[in-house]
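Source file: my_file_16.csv (CSV, N, CA and C atoms)
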chain,number,residue,atom,x,y,z
A,1,MET,N,11.6,5.1,-23.5
A,1,MET,CA,12.2,5.3,-22.2
A,1,MET,C,11.3,5.9,-21.2
A,2,VAL,N,10.5,6.9,-21.6
A,2,VAL,CA,9.6,7.5,-20.7
A,2,VAL,C,8.5,6.6,-20.3
A,3,SER,N,8.0,5.8,-21.2
A,3,SER,CA,6.9,4.8,-20.9
A,3,SER,C,7.4,3.7,-19.9
A,4,LEU,N,8.7,3.3,-20.1
A,4,LEU,CA,9.2,2.4,-19.2
A,4,LEU,C,9.4,2.9,-17.8
A,5,LEU,N,9.8,4.2,-17.7
A,5,LEU,CA,9.9,4.9,-16.4
A,5,LEU,C,8.5,5.0,-15.8
A,6,GLY,N,7.5,5.3,-16.6
A,6,GLY,CA,6.1,5.4,-16.1
A,6,GLY,C,5.6,4.1,-15.6
A,7,LEU,N,5.9,3.1,-16.3
A,7,LEU,CA,5.5,1.7,-15.9
A,7,LEU,C,6.2,1.3,-14.5
A,8,LEU,N,7.4,1.6,-14.4
A,8,LEU,CA,8.1,1.3,-13.1
A,8,LEU,C,7.6,2.1,-12.0
A,9,LEU,N,7.3,3.4,-12.2
A,9,LEU,CA,6.7,4.2,-11.2
A,9,LEU,C,5.3,3.7,-10.8
A,10,MET,N,4.5,3.3,-11.8
A,10,MET,CA,3.2,2.8,-11.5
A,10,MET,C,3.3,1.5,-10.6
A,11,ILE,N,4.2,0.6,-10.9
A,11,ILE,CA,4.4,-0.6,-10.2
A,11,ILE,C,4.8,-0.3,-8.7
A,12,VAL,N,5.7,0.6,-8.6
A,12,VAL,CA,6.2,1.0,-7.2
A,12,VAL,C,5.0,1.6,-6.4
A,13,VAL,N,4.2,2.4,-7.0
A,13,VAL,CA,3.1,3.0,-6.3
A,13,VAL,C,2.0,2.0,-6.0
A,14,MET,N,1.8,1.0,-6.9
A,14,MET,CA,0.9,-0.1,-6.6
A,14,MET,C,1.3,-0.9,-5.4
A,15,VAL,N,2.6,-1.3,-5.4
A,15,VAL,CA,3.1,-2.1,-4.3
A,15,VAL,C,3.1,-1.4,-3.0
A,16,VAL,N,3.5,-0.2,-2.9
A,16,VAL,CA,3.5,0.6,-1.7
A,16,VAL,C,2.0,0.8,-1.3
A,17,GLY,N,1.2,1.1,-2.2
A,17,GLY,CA,-0.2,1.3,-1.9
A,17,GLY,C,-0.9,0.1,-1.3
A,18,PHE,N,-0.6,-1.1,-1.9
A,18,PHE,CA,-1.1,-2.3,-1.4
A,18,PHE,C,-0.6,-2.6,0.1
A,19,SER,N,0.7,-2.3,0.3
A,19,SER,CA,1.3,-2.5,1.6
A,19,SER,C,0.6,-1.6,2.7
A,20,ILE,N,0.5,-0.4,2.3
A,20,ILE,CA,-0.1,0.6,3.3
A,20,ILE,C,-1.6,0.2,3.5
A,21,GLY,N,-2.3,-0.2,2.4
A,21,GLY,CA,-3.7,-0.6,2.6
A,21,GLY,C,-3.9,-1.7,3.5
A,22,ARG,N,-3.0,-2.7,3.4
A,22,ARG,CA,-3.1,-3.8,4.4
A,22,ARG,C,-2.8,-3.4,5.8
A,23,ALA,N,-1.9,-2.4,6.0
A,23,ALA,CA,-1.6,-2.0,7.4
A,23,ALA,C,-2.8,-1.2,7.9
A,24,VAL,N,-3.5,-0.4,7.1
A,24,VAL,CA,-4.6,0.4,7.5
A,24,VAL,C,-5.8,-0.5,7.8
A,25,ALA,N,-6.0,-1.6,7.1
A,25,ALA,CA,-7.2,-2.4,7.2
A,25,ALA,C,-7.1,-3.4,8.4
A,26,LEU,N,-6.0,-3.4,9.1
A,26,LEU,CA,-6.0,-4.3,10.3
A,26,LEU,C,-7.0,-4.0,11.3
A,27,PRO,N,-7.6,-5.0,11.9
A,27,PRO,CA,-8.6,-4.7,12.9
A,27,PRO,C,-8.0,-4.0,14.2
A,28,GLY,N,-8.8,-3.2,14.8
A,28,GLY,CA,-8.4,-2.5,16.0
A,28,GLY,C,-8.9,-1.1,16.0
A,29,SER,N,-8.6,-0.4,17.0
A,29,SER,CA,-9.1,1.0,17.2
A,29,SER,C,-8.1,2.1,16.9
A,30,ALA,N,-6.9,1.7,16.4
A,30,ALA,CA,-5.9,2.7,16.2
A,30,ALA,C,-6.3,3.6,15.0
A,31,SER,N,-5.9,4.9,15.1
A,31,SER,CA,-6.3,5.8,14.0
A,31,SER,C,-5.5,5.5,12.7
A,32,MET,N,-5.9,6.1,11.6
A,32,MET,CA,-5.2,5.9,10.4
A,32,MET,C,-3.8,6.5,10.4
A,33,GLN,N,-3.7,7.6,11.1
A,33,GLN,CA,-2.4,8.3,11.2
A,33,GLN,C,-1.4,7.4,12.0
A,34,SER,N,-1.9,6.8,13.0
A,34,SER,CA,-1.1,5.9,13.8
A,34,SER,C,-0.7,4.7,13.0
A,35,ARG,N,-1.6,4.1,12.3
A,35,ARG,CA,-1.3,2.9,11.5
A,35,ARG,C,-0.3,3.2,10.4
A,36,VAL,N,-0.4,4.4,9.7
A,36,VAL,CA,0.5,4.7,8.6
A,36,VAL,C,1.9,5.0,9.2
A,37,SER,N,1.9,5.7,10.4
A,37,SER,CA,3.2,6.0,10.9
A,37,SER,C,3.9,4.7,11.4
A,38,ASP,N,3.1,3.7,12.0
A,38,ASP,CA,3.7,2.4,12.3
A,38,ASP,C,4.2,1.7,11.1
A,39,TRP,N,3.5,1.8,10.0
A,39,TRP,CA,3.9,1.1,8.8
A,39,TRP,C,5.2,1.7,8.3
A,40,ALA,N,5.3,3.1,8.4
A,40,ALA,CA,6.5,3.7,7.9
A,40,ALA,C,7.7,3.3,8.8
A,41,ARG,N,7.5,3.3,10.1
A,41,ARG,CA,8.6,2.9,11.0
A,41,ARG,C,9.0,1.4,10.7
A,42,ASP,N,8.1,0.5,10.5
A,42,ASP,CA,8.4,-0.8,10.1
A,42,ASP,C,9.2,-1.0,8.8
A,43,HIS,N,9.1,0.0,8.0
A,43,HIS,CA,9.8,0.0,6.7
A,43,HIS,C,10.9,0.9,6.6
A,44,ASN,N,11.5,1.2,7.8
A,44,ASN,CA,12.8,2.0,7.9
A,44,ASN,C,12.6,3.4,7.4
A,45,LEU,N,11.4,4.0,7.7
A,45,LEU,CA,11.2,5.4,7.3
A,45,LEU,C,11.0,6.3,8.6
A,46,THR,N,11.7,5.9,9.7
A,46,THR,CA,11.5,6.6,10.9
A,46,THR,C,11.9,8.0,10.8
A,47,PHE,N,13.0,8.3,10.0
A,47,PHE,CA,13.4,9.7,9.8
A,47,PHE,C,12.3,10.5,9.2
A,48,LEU,N,11.5,10.0,8.3
A,48,LEU,CA,10.4,10.7,7.7
A,48,LEU,C,9.3,11.0,8.7
A,49,VAL,N,9.0,10.0,9.5
A,49,VAL,CA,7.9,10.1,10.6
A,49,VAL,C,8.4,11.2,11.6
A,50,GLU,N,9.6,11.2,12.0
A,50,GLU,CA,10.1,12.1,12.9
A,50,GLU,C,10.2,13.6,12.4
A,51,SER,N,10.5,13.7,11.1
A,51,SER,CA,10.5,15.0,10.5
A,51,SER,C,9.1,15.6,10.4
A,52,VAL,N,8.1,14.8,10.1
A,52,VAL,CA,6.7,15.2,10.0
A,52,VAL,C,6.3,15.6,11.4
A,53,ASP,N,6.6,14.8,12.4
A,53,ASP,CA,6.2,15.1,13.8
A,53,ASP,C,6.8,16.5,14.3
A,54,LYS,N,8.0,16.8,13.8
A,54,LYS,CA,8.7,18.0,14.2
A,54,LYS,C,7.9,19.2,13.6
A,55,GLU,N,7.4,19.0,12.4
A,55,GLU,CA,6.7,20.1,11.7
A,55,GLU,C,5.3,20.4,12.4
A,56,ARG,N,4.8,19.5,13.1
A,56,ARG,CA,3.4,19.6,13.7
A,56,ARG,C,3.5,20.3,15.0

Will you turn the file into structure tokens for me?
Amino acid sequence: MVSLLGLLLMIVVMVVGFSIGRAVALPGSASMQSRVSDWARDHNLTFLVESVDKER
């Protein structure tokens, strides 16, 4: 059971990492922070971006 959970977690991390990596690798002069926050907003994580912005 634990190894199955670990495998599923690894797959999720790989998929998300690949997705963020593609967003960061796009051509242009935007900062990494800007690209990651745009990726998060595009994936319905606006609440997370806004809560991090409030902490800064």

Next on the checklist: I need the residues in chain A that are helix (DSSP H, G or I) according to DSSP; give them as a ChimeraX atom specification.
Outcome noted: /A:2-24,32-42,46-55

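The interatomic distance for the pair CA of Val16 in chain A and CA of Ser37 in chain A works out to 13.7 Å.
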
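For the pair CA of Val13 in chain A and CA of Arg56 in chain A, the interatomic distance is 26.0 Å.
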
Listed atoms of range 23-27 of chain A, axis-aligned box, 6 Å per side: centre and edge lengths to one decimal in Å, as JSON?
{"center_x": -5.1, "center_y": -2.3, "center_z": 10.1, "size_x": 19.0, "size_y": 17.4, "size_z": 20.2}

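In this comparison, which uses all atoms listed in the file, the residue of A:Leu8, A:Ala23, A:Met1, A:Leu48 approaching Val36 in chain A most closely is A:Ala23.
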
Next on the checklist: I'd like the interatomic distance between CA of Val49 in chain A and atom C of Gln33 in chain A, to a tenth of an Å.
Outcome noted: 9.8 Å

Item to check | Residue with smallest distance to Ala40 in chain A - pool A:Leu9, A:Leu26, A:Ile20, A:Val52, counting only N, CA and C atoms | outcome: A:Ile20

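The nearest approach to Asp53 in chain A among the residues A:Trp39, A:Gly17, A:Ser34, A:Leu5, with only C-alpha atoms taken into account, belongs to A:Ser34.
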